[in-house]
Amino acid sequence: GFSLGFLTGGAFFLINVSFIIEISRVAGTLFAGLAALFAFASYLALYFAIFGAFAATVGRWVPVPPDAGKRDLFGQSFSVLRVAFLNGAAWCGLEWMRGLLFTGFGWNGLGVALKNHLILVQFADVIGITGYSFVVMFIGIVLYGTVVRLGGEIRDRRRLRPHFDFALGVVLIMMLLFYGNAALHRRPAETIDLRARVLQLNVSLDDKWSDDLRLRQEILFEYRDLTRAFVETAPLDLMIWPETAIPGQFSSPWVQKFFNEHILKDDDFYLITGLEDNNLDHSEVYNTITIMKGDTESFQMYKKIHLVPLGEYIPFRGRFPVFEWIAGGIIERDFTRGDSYDPLAIEKDGHAIGIIPLICFEDTVPRHARKFIRNGPQIMVNVTNDGWFYDSAESTHHFYNALFRCIELRRPMIRAANTGVSGFIDEWGSLYDREGRSRQPRILRDAESGSTYIRGSLPATITIDLNPPTSFYARYGDAFAVGMGVFALVAKGLFL
C-alpha cells in the first residue's frame with residue numbers, strides 16, 4: 001500500500017506541480033528546476049504513500065461472502081460505510097497535515113476539484129475546503145463499493161441486497177446541495193458599493209529588476225500614466241497594484257516623491273500596492289501591502305507574515321549549508337517576517353471597511369487568512385507576483401485555491417497580480433456580478449484567447465455586506481479536518 005501510494009502520488013505531483021521547473025530560468029540552469037520538481041514531488045508523494053499504507057491495513061474492505069449472513073441485509077452496507085469513513089478521515093487528516101508542515105503546501109486538495117460546482121462547496125464555511133476531501137473520498141468509496149457489490153450480486157444470480165450505503169451517499173450530496181442553494185440565495189440586509197480597479201502590467205522579472213534604468217523607468221511611467229488616466233476619467237474609490245509593483249522601497253525619498261507628485265496628488269481615492277520596505281537602519285527588509293490616500297503620510301502598512309521558504313528566505317541560513325547551497329545565489333537577503341494580524345482600513349460613505357491584506361501565497365493558507373476576521377464590513381485584498389513561474393499553470397492553480405477563502409470566511413476578494421490571474425470574487429466564490437451589472441466573469445483576460453497573461457486593467461463595483469456573518473470556519477478553523485485526522489490516527493492505533 002505504501003509503495004503503490006508513493007508511485008501514484010509521485011506521478012500525480014510530477015504533473016500537478018510541474019510549474020516548479022520554471023525556477024530554472026531564475027537560477028540559470030535547467031538542473032535546478034528539475035531537481036526542485038523531483039524533490040518537491042517526492043516529498044508530496046509521501047502523503048499518498050501514508051494513505052496507501054492506511055488503506056491497505058485499517059481501511060481495507062473485505063467483502064462479505066455471498067452465502068454468509070443471509071438474514072443480515074445491511075451487513076455489506078455497513079462494511080462499506082465503515083471503510084469509506086475511515087479512508088475519508090485518513091485522507092482528510094493527511095491533507096490538513098500537508099497544509100501545515102514545513103509552512104504548508106495545502107493547495108490542490110481533492111475539494112478544489114469542485115471549483116466549478118459552487119452549489120456543492122458552500123458548506124466550506126463550516127468544514128473548510130480541506131473537509132471536502134473527506135466528502136469526495138467518502139462518496140468515491142461508496143460508489144466503488146456499490147459497483148463491486150452489484151457486480152457480485154448479478155454474477156452470483158442472487159437477489160439484490162439493500163444498498164443503504166449508496167442511499168446515505170445520495171442523502172449526503174442532497175444535503176450539500178440544499179445547503180448550497182440556501183447559501184447562494186442569501187442576501188445581506190445592508191450593503192455598500194465600492195468602486196475598484198485592478199492594474200496588471202504583466203511585467204517580466206528581468207525588466208523589473210533590470211540594471212537598465214530605462215526599463216525600470218518605463219514601468220514607473222506606465223503605472224503613473226494608467227493610474228492617473230483612470231482616476232481622472234471615472235469615479236474611483238480604490239486602485240490596486242500587484243505585489244512589489246515598482247522596483248523601489250517605500251521609505252526611499254524618490255519613491256515618496258513618485259507617489260506624492262505623480263500618483264496620489266491629494267486626490268480622493270485609495271491606492272493599495274505591494275511594496276518592499278525596510279527599517280530605519282536598513283537591517284531588515286519587508287514584503288508589504290501599503291495603503292495610501294492623498295499622500296504618503298496617510299500610509300497604512302501590513303508586513304507579510306507567511307514567508308515562502310527558499311523563495312523569500314533561506315531556512316536555517318548559516319546553520320545548514322545545504323539550504324544556502326540550494327538557494328543562496330538567488331536569495332541574497334532574507335525578508336523579515338511581520339507579526340501583526342490587524343486588518344487595514346479604508347472609509348466609504350462614513351463606513352470603515354476592513355482590508356484583510358494577503359500577499360502572494362497567503363491567500364491559499366486558510367489558517368492564516370482567518371486570523372484577520374473581525375466584526376463589521378471586510379474585504380480581502382491579495383497582491384501577488386506569479387511572474388516567477390512565467391506562463392505555466394501555477395497562476396491558475398493559485399487563483400482557484402484562493403477562491404475558497406471567500407466561501408470559508410464569507411468575505412469577497414480582490415486580486416491584483418502582476419502576470420495573472422487578476423479579478424474579483426464574491427463571498428460565495430463566484431466570479432460573476434450578482435447585481436447584474438456585468439454578464440462576464442470578473443477576471444482580467446484576453447477576449448479572444450482567454451489568456452490571463454496580458455497587460456490591462458479591470459474595473460468592478462464590489463457590493464460589501466455591512467454586517468457579514470462570522471462563519472463556523474472563521475471561528476474554529478480546521479476543526480473538522482483535525483477531528484478526522486485524530487479519528488484515523490486512533491483507528492490506526494487500535495488496529496495495531
# chains A, B, ... in the order shown; residues from 1 in each chain; ligands from 1

call {"tool": "residues_around", "arguments": {"residues": "stretch 418-423 of chain A", "least_positions_apart": "2", "cutoff": "9 Å", "atoms": "only C-alpha atoms", "output": "ChimeraX atom specification"}}
result
/A:198-204,241-245,383-387,390-391,395-396,398-399,413-416,425,431,441-445,451-455,457-460

call {"tool": "select_by_dssp", "arguments": {"residues": "stretch 101-223 of chain A", "states": "helix (DSSP H, G or I)", "output": "JSON, numbers by chain"}}
result
{"A": [101, 102, 103, 110, 111, 112, 113, 114, 124, 125, 126, 127, 128, 129, 130, 131, 132, 133, 134, 135, 136, 137, 138, 139, 140, 141, 142, 143, 144, 145, 146, 147, 148, 149, 150, 151, 152, 153, 154, 155, 164, 165, 166, 167, 168, 169, 170, 171, 172, 173, 174, 175, 176, 177, 178, 179, 180, 181, 182, 183, 184, 205, 206, 207, 208, 213, 214, 215, 216, 217, 218, 219, 220, 221, 222, 223]}

call {"tool": "residues_around", "arguments": {"residues": "stretch 119-127 of chain A", "least_positions_apart": "5", "cutoff": "8 Å", "atoms": "only C-alpha atoms", "output": "compact mmCIF listing (two decimals) with all heavy atoms, in the first residue's frame"}}
result
# COMPACT_ATOMS: atom_id res chain seq x y z
N LEU A 114 -13.80 20.70 -7.07
CA LEU A 114 -15.20 21.13 -7.16
C LEU A 114 -15.33 22.62 -7.41
O LEU A 114 -16.40 23.19 -7.21
CB LEU A 114 -15.94 20.76 -5.87
CG LEU A 114 -15.96 19.27 -5.51
CD1 LEU A 114 -16.62 19.06 -4.16
CD2 LEU A 114 -16.67 18.46 -6.58
N TYR A 132 -13.75 19.01 2.52
CA TYR A 132 -14.38 18.42 1.34
C TYR A 132 -13.58 17.24 0.79
O TYR A 132 -14.11 16.44 0.01
CB TYR A 132 -14.58 19.48 0.26
CG TYR A 132 -15.94 20.13 0.35
CD1 TYR A 132 -16.14 21.23 1.17
CD2 TYR A 132 -17.03 19.62 -0.34
CE1 TYR A 132 -17.39 21.82 1.28
CE2 TYR A 132 -18.28 20.21 -0.25
CZ TYR A 132 -18.45 21.31 0.58
OH TYR A 132 -19.70 21.88 0.69
N ILE A 173 -25.05 14.07 -0.54
CA ILE A 173 -24.96 15.00 -1.67
C ILE A 173 -26.16 15.93 -1.69
O ILE A 173 -26.03 17.15 -1.91
CB ILE A 173 -24.84 14.23 -2.99
CG1 ILE A 173 -23.52 13.45 -3.03
CG2 ILE A 173 -24.90 15.19 -4.17
CD1 ILE A 173 -23.38 12.56 -4.24
N LEU A 176 -25.81 18.66 0.89
CA LEU A 176 -24.88 19.69 0.45
C LEU A 176 -25.51 20.61 -0.59
O LEU A 176 -25.29 21.83 -0.58
CB LEU A 176 -23.61 19.05 -0.12
CG LEU A 176 -22.71 18.31 0.88
CD1 LEU A 176 -21.56 17.63 0.14
CD2 LEU A 176 -22.16 19.28 1.93
N LEU A 177 -26.31 20.02 -1.48
CA LEU A 177 -27.00 20.83 -2.49
C LEU A 177 -28.02 21.77 -1.86
O LEU A 177 -28.11 22.94 -2.24
CB LEU A 177 -27.67 19.92 -3.52
CG LEU A 177 -26.74 19.16 -4.48
CD1 LEU A 177 -27.53 18.16 -5.30
CD2 LEU A 177 -26.01 20.13 -5.40
N TYR A 179 -28.00 22.92 1.23
CA TYR A 179 -27.26 23.93 1.98
C TYR A 179 -26.69 24.97 1.01
O TYR A 179 -26.76 26.19 1.26
CB TYR A 179 -26.13 23.29 2.78
CG TYR A 179 -25.40 24.25 3.69
CD1 TYR A 179 -25.79 24.42 5.00
CD2 TYR A 179 -24.31 24.99 3.22
CE1 TYR A 179 -25.12 25.30 5.85
CE2 TYR A 179 -23.63 25.87 4.06
CZ TYR A 179 -24.05 26.01 5.36
OH TYR A 179 -23.38 26.90 6.19
N GLY A 180 -26.10 24.50 -0.09
CA GLY A 180 -25.52 25.42 -1.07
C GLY A 180 -26.56 26.30 -1.71
O GLY A 180 -26.33 27.50 -1.92
N ASN A 181 -27.73 25.74 -2.03
CA ASN A 181 -28.79 26.53 -2.64
C ASN A 181 -29.25 27.64 -1.70
O ASN A 181 -29.45 28.78 -2.11
CB ASN A 181 -29.96 25.61 -2.99
CG ASN A 181 -31.08 26.36 -3.70
OD1 ASN A 181 -30.93 26.84 -4.82
ND2 ASN A 181 -32.22 26.47 -3.03
N ALA A 183 -27.48 28.99 0.71
CA ALA A 183 -26.40 29.97 0.86
C ALA A 183 -26.34 30.91 -0.34
O ALA A 183 -26.16 32.13 -0.18
CB ALA A 183 -25.07 29.24 1.04
N LEU A 184 -26.50 30.36 -1.54
CA LEU A 184 -26.39 31.17 -2.74
C LEU A 184 -27.56 32.13 -2.91
O LEU A 184 -27.46 33.12 -3.64
CB LEU A 184 -26.28 30.27 -3.97
CG LEU A 184 -24.96 29.49 -4.10
CD1 LEU A 184 -25.03 28.49 -5.24
CD2 LEU A 184 -23.78 30.43 -4.31
N PHE A 404 -11.51 29.70 -2.58
CA PHE A 404 -12.22 29.05 -1.48
C PHE A 404 -12.11 29.83 -0.16
O PHE A 404 -12.88 29.59 0.76
CB PHE A 404 -11.73 27.62 -1.31
CG PHE A 404 -12.16 26.73 -2.43
CD1 PHE A 404 -11.29 26.43 -3.47
CD2 PHE A 404 -13.45 26.22 -2.48
CE1 PHE A 404 -11.69 25.63 -4.53
CE2 PHE A 404 -13.86 25.42 -3.53
CZ PHE A 404 -12.98 25.12 -4.56
N ILE A 407 -15.42 31.64 0.33
CA ILE A 407 -16.52 30.83 0.84
C ILE A 407 -16.31 30.51 2.31
O ILE A 407 -17.23 30.61 3.13
CB ILE A 407 -16.65 29.53 0.01
CG1 ILE A 407 -16.85 29.84 -1.47
CG2 ILE A 407 -17.81 28.69 0.53
CD1 ILE A 407 -16.80 28.63 -2.36
N GLU A 408 -15.11 30.10 2.67
CA GLU A 408 -14.82 29.72 4.05
C GLU A 408 -15.06 30.87 5.02
O GLU A 408 -15.61 30.68 6.11
CB GLU A 408 -13.36 29.27 4.17
CG GLU A 408 -13.06 27.95 3.48
CD GLU A 408 -11.57 27.69 3.38
OE1 GLU A 408 -10.77 28.63 3.53
OE2 GLU A 408 -11.20 26.53 3.12
N LEU A 409 -14.68 32.08 4.62
CA LEU A 409 -14.71 33.22 5.53
C LEU A 409 -15.86 34.18 5.25
O LEU A 409 -16.07 35.14 5.99
CB LEU A 409 -13.39 33.98 5.46
CG LEU A 409 -12.13 33.13 5.72
CD1 LEU A 409 -10.88 33.97 5.53
CD2 LEU A 409 -12.17 32.51 7.11
N ARG A 410 -16.59 33.96 4.15
CA ARG A 410 -17.72 34.80 3.74
C ARG A 410 -17.31 36.26 3.62
O ARG A 410 -17.98 37.17 4.11
CB ARG A 410 -18.89 34.64 4.71
CG ARG A 410 -19.54 33.27 4.70
CD ARG A 410 -20.02 32.88 3.31
NE ARG A 410 -20.66 31.54 3.31
CZ ARG A 410 -20.89 30.83 2.22
NH1 ARG A 410 -20.54 31.31 1.04
NH2 ARG A 410 -21.47 29.65 2.30
N TRP A 428 -19.45 34.14 -2.11
CA TRP A 428 -19.92 32.80 -2.44
C TRP A 428 -18.96 32.10 -3.39
O TRP A 428 -19.26 31.02 -3.90
CB TRP A 428 -21.32 32.88 -3.05
CG TRP A 428 -22.34 33.43 -2.09
CD1 TRP A 428 -22.99 32.75 -1.09
CD2 TRP A 428 -22.80 34.78 -2.03
NE1 TRP A 428 -23.83 33.61 -0.42
CE2 TRP A 428 -23.73 34.85 -0.97
CE3 TRP A 428 -22.51 35.94 -2.76
CZ2 TRP A 428 -24.39 36.05 -0.62
CZ3 TRP A 428 -23.16 37.11 -2.41
CH2 TRP A 428 -24.08 37.16 -1.36
N SER A 471 -18.34 33.05 10.06
CA SER A 471 -18.65 31.65 9.78
C SER A 471 -18.06 30.72 10.84
O SER A 471 -17.15 31.10 11.59
CB SER A 471 -18.10 31.26 8.40
OG SER A 471 -16.68 31.28 8.41
N PHE A 472 -18.60 29.51 10.87
CA PHE A 472 -18.06 28.49 11.78
C PHE A 472 -16.58 28.28 11.49
O PHE A 472 -15.77 28.16 12.42
CB PHE A 472 -18.83 27.18 11.60
CG PHE A 472 -18.39 26.08 12.51
CD1 PHE A 472 -19.00 25.88 13.75
CD2 PHE A 472 -17.35 25.23 12.16
CE1 PHE A 472 -18.59 24.87 14.60
CE2 PHE A 472 -16.92 24.21 13.01
CZ PHE A 472 -17.55 24.04 14.23
N TYR A 473 -16.23 28.26 10.21
CA TYR A 473 -14.82 28.04 9.86
C TYR A 473 -13.96 29.20 10.34
O TYR A 473 -12.84 29.00 10.82
CB TYR A 473 -14.65 27.86 8.35
CG TYR A 473 -13.23 27.50 8.00
CD1 TYR A 473 -12.82 26.18 8.03
CD2 TYR A 473 -12.28 28.48 7.69
CE1 TYR A 473 -11.49 25.84 7.75
CE2 TYR A 473 -10.98 28.15 7.41
CZ TYR A 473 -10.58 26.83 7.44
OH TYR A 473 -9.28 26.50 7.20
N ALA A 474 -14.45 30.44 10.22
CA ALA A 474 -13.68 31.59 10.68
C ALA A 474 -13.43 31.50 12.18
O ALA A 474 -12.38 31.93 12.67
CB ALA A 474 -14.41 32.88 10.33
N GLY A 477 -11.76 27.26 12.51
CA GLY A 477 -10.75 26.78 11.58
C GLY A 477 -10.98 25.35 11.13
O GLY A 477 -12.13 24.93 10.89
N ASP A 478 -9.90 24.59 11.05
CA ASP A 478 -9.96 23.23 10.51
C ASP A 478 -10.33 22.20 11.58
O ASP A 478 -9.76 21.10 11.61
CB ASP A 478 -8.61 22.87 9.89
CG ASP A 478 -8.35 23.63 8.60
OD1 ASP A 478 -9.18 23.53 7.69
OD2 ASP A 478 -7.32 24.32 8.52
N ALA A 479 -11.30 22.54 12.42
CA ALA A 479 -11.70 21.62 13.48
C ALA A 479 -12.17 20.29 12.91
O ALA A 479 -11.85 19.22 13.44
CB ALA A 479 -12.79 22.25 14.34
N PHE A 480 -12.93 20.34 11.81
CA PHE A 480 -13.43 19.11 11.20
C PHE A 480 -12.29 18.26 10.67
O PHE A 480 -12.22 17.04 10.94
CB PHE A 480 -14.41 19.44 10.07
CG PHE A 480 -14.93 18.24 9.34
CD1 PHE A 480 -16.00 17.52 9.85
CD2 PHE A 480 -14.34 17.81 8.16
CE1 PHE A 480 -16.49 16.40 9.18
CE2 PHE A 480 -14.82 16.70 7.48
CZ PHE A 480 -15.89 15.98 8.00
N ALA A 481 -11.37 18.87 9.92
CA ALA A 481 -10.26 18.12 9.35
C ALA A 481 -9.36 17.53 10.43
O ALA A 481 -8.91 16.39 10.34
CB ALA A 481 -9.45 19.01 8.41

call {"tool": "closest_residue", "arguments": {"among": "A:Leu44, A:Ala89, A:Val17, A:Ile154", "to": "A:Phe487", "atoms": "only C-alpha atoms"}}
result
A:Ala89

call {"tool": "atom_distance", "arguments": {"atom1": "atom CA of A:Ile289", "atom2": "atom CA of A:Ala196"}}
result
16.4 Å

call {"tool": "atom_distance", "arguments": {"atom1": "atom CA of A:Ser24", "atom2": "atom CA of A:Pro315"}}
result
20.1 Å

call {"tool": "select_by_dssp", "arguments": {"residues": "stretch 189-435 of chain A", "states": "strand (DSSP E)", "output": "PyMOL selection string"}}
result
chain A and resi 191-200+238-240+270-278+285-293+295-303+344-348+351-359+378-384+413-417+423-425

call {"tool": "closest_residue", "arguments": {"among": "A:Gly75, A:Leu81, A:Ala402, A:Leu34", "to": "A:Asp363", "atoms": "only C-alpha atoms"}}
result
A:Ala402

call {"tool": "closest_residue", "arguments": {"among": "A:Val136, A:Leu205, A:Val112, A:Val142", "to": "A:Phe389", "atoms": "only C-alpha atoms"}}
result
A:Leu205

call {"tool": "residues_around", "arguments": {"residues": "stretch 215-224 of chain A", "least_positions_apart": "5", "cutoff": "6 Å", "atoms": "only C-alpha atoms", "output": "list in words"}}
result
Asp207, Lys208 and Ile263 of chain A

call {"tool": "closest_residue", "arguments": {"among": "A:Asp206, A:Phe105, A:Ile246, A:Ser77", "to": "A:Phe164", "atoms": "only C-alpha atoms"}}
result
A:Ser77

call {"tool": "decode", "arguments": {"residues": "stretch 271-330 of chain A", "atoms": "C-alpha atoms", "output": "PDB file, in the first residue's frame"}}
result
ATOM      1  CA  LEU A 271      -4.172  53.159  -3.590  1.00  0.00           C
ATOM      2  CA  ILE A 272      -3.313  49.670  -2.400  1.00  0.00           C
ATOM      3  CA  THR A 273       0.009  48.363  -3.646  1.00  0.00           C
ATOM      4  CA  GLY A 274       2.606  45.761  -2.897  1.00  0.00           C
ATOM      5  CA  LEU A 275       5.959  47.291  -1.991  1.00  0.00           C
ATOM      6  CA  GLU A 276       9.219  46.452  -0.357  1.00  0.00           C
ATOM      7  CA  ASP A 277      10.261  48.442   2.691  1.00  0.00           C
ATOM      8  CA  ASN A 278      12.979  48.443   5.345  1.00  0.00           C
ATOM      9  CA  ASN A 279      13.533  49.652   8.896  1.00  0.00           C
ATOM     10  CA  LEU A 280      15.462  52.771   9.859  1.00  0.00           C
ATOM     11  CA  ASP A 281      18.912  51.192   9.864  1.00  0.00           C
ATOM     12  CA  HIS A 282      18.176  49.071   6.765  1.00  0.00           C
ATOM     13  CA  SER A 283      18.958  45.887   8.692  1.00  0.00           C
ATOM     14  CA  GLU A 284      15.555  44.388   7.894  1.00  0.00           C
ATOM     15  CA  VAL A 285      13.568  44.291   4.668  1.00  0.00           C
ATOM     16  CA  TYR A 286       9.833  43.575   4.408  1.00  0.00           C
ATOM     17  CA  ASN A 287       7.375  42.500   1.749  1.00  0.00           C
ATOM     18  CA  THR A 288       4.359  44.735   2.335  1.00  0.00           C
ATOM     19  CA  ILE A 289       0.883  45.784   1.356  1.00  0.00           C
ATOM     20  CA  THR A 290       0.645  49.562   1.708  1.00  0.00           C
ATOM     21  CA  ILE A 291      -2.496  51.710   1.581  1.00  0.00           C
ATOM     22  CA  MET A 292      -2.319  55.445   0.841  1.00  0.00           C
ATOM     23  CA  LYS A 293      -4.817  58.218   0.171  1.00  0.00           C
ATOM     24  CA  GLY A 294      -3.876  61.741  -0.862  1.00  0.00           C
ATOM     25  CA  ASP A 295      -0.234  61.466   0.166  1.00  0.00           C
ATOM     26  CA  THR A 296       2.256  59.001   1.617  1.00  0.00           C
ATOM     27  CA  GLU A 297       1.855  60.365   5.159  1.00  0.00           C
ATOM     28  CA  SER A 298      -1.544  58.644   5.295  1.00  0.00           C
ATOM     29  CA  PHE A 299       0.013  55.222   4.772  1.00  0.00           C
ATOM     30  CA  GLN A 300      -1.030  52.003   6.494  1.00  0.00           C
ATOM     31  CA  MET A 301       1.250  49.003   6.089  1.00  0.00           C
ATOM     32  CA  TYR A 302       0.978  45.256   6.522  1.00  0.00           C
ATOM     33  CA  LYS A 303       4.230  43.285   6.593  1.00  0.00           C
ATOM     34  CA  LYS A 304       3.996  39.790   5.197  1.00  0.00           C
ATOM     35  CA  ILE A 305       3.908  37.072   7.843  1.00  0.00           C
ATOM     36  CA  HIS A 306       3.729  33.788   5.934  1.00  0.00           C
ATOM     37  CA  LEU A 307       7.027  33.887   4.056  1.00  0.00           C
ATOM     38  CA  VAL A 308       7.864  31.306   1.392  1.00  0.00           C
ATOM     39  CA  PRO A 309      10.897  29.131   2.253  1.00  0.00           C
ATOM     40  CA  LEU A 310      13.577  29.105  -0.457  1.00  0.00           C
ATOM     41  CA  GLY A 311      11.606  31.919  -2.080  1.00  0.00           C
ATOM     42  CA  GLU A 312      11.665  34.754   0.433  1.00  0.00           C
ATOM     43  CA  TYR A 313      14.082  33.378   2.980  1.00  0.00           C
ATOM     44  CA  ILE A 314      16.541  30.523   3.412  1.00  0.00           C
ATOM     45  CA  PRO A 315      15.613  28.245   6.330  1.00  0.00           C
ATOM     46  CA  PHE A 316      18.379  27.916   8.926  1.00  0.00           C
ATOM     47  CA  ARG A 317      20.625  30.225   6.926  1.00  0.00           C
ATOM     48  CA  GLY A 318      24.186  29.733   8.155  1.00  0.00           C
ATOM     49  CA  ARG A 319      23.370  26.603  10.168  1.00  0.00           C
ATOM     50  CA  PHE A 320      22.758  24.041   7.434  1.00  0.00           C
ATOM     51  CA  PRO A 321      24.916  24.734   4.355  1.00  0.00           C
ATOM     52  CA  VAL A 322      22.648  22.653   2.111  1.00  0.00           C
ATOM     53  CA  PHE A 323      19.900  25.300   2.067  1.00  0.00           C
ATOM     54  CA  GLU A 324      22.407  28.060   1.443  1.00  0.00           C
ATOM     55  CA  TRP A 325      23.916  25.993  -1.357  1.00  0.00           C
ATOM     56  CA  ILE A 326      20.499  25.438  -2.954  1.00  0.00           C
ATOM     57  CA  ALA A 327      19.175  28.992  -2.945  1.00  0.00           C
ATOM     58  CA  GLY A 328      21.925  31.294  -1.699  1.00  0.00           C
ATOM     59  CA  GLY A 329      22.722  32.543  -5.184  1.00  0.00           C
ATOM     60  CA  ILE A 330      19.093  33.588  -5.734  1.00  0.00           C
TER      61      ILE A 330
END
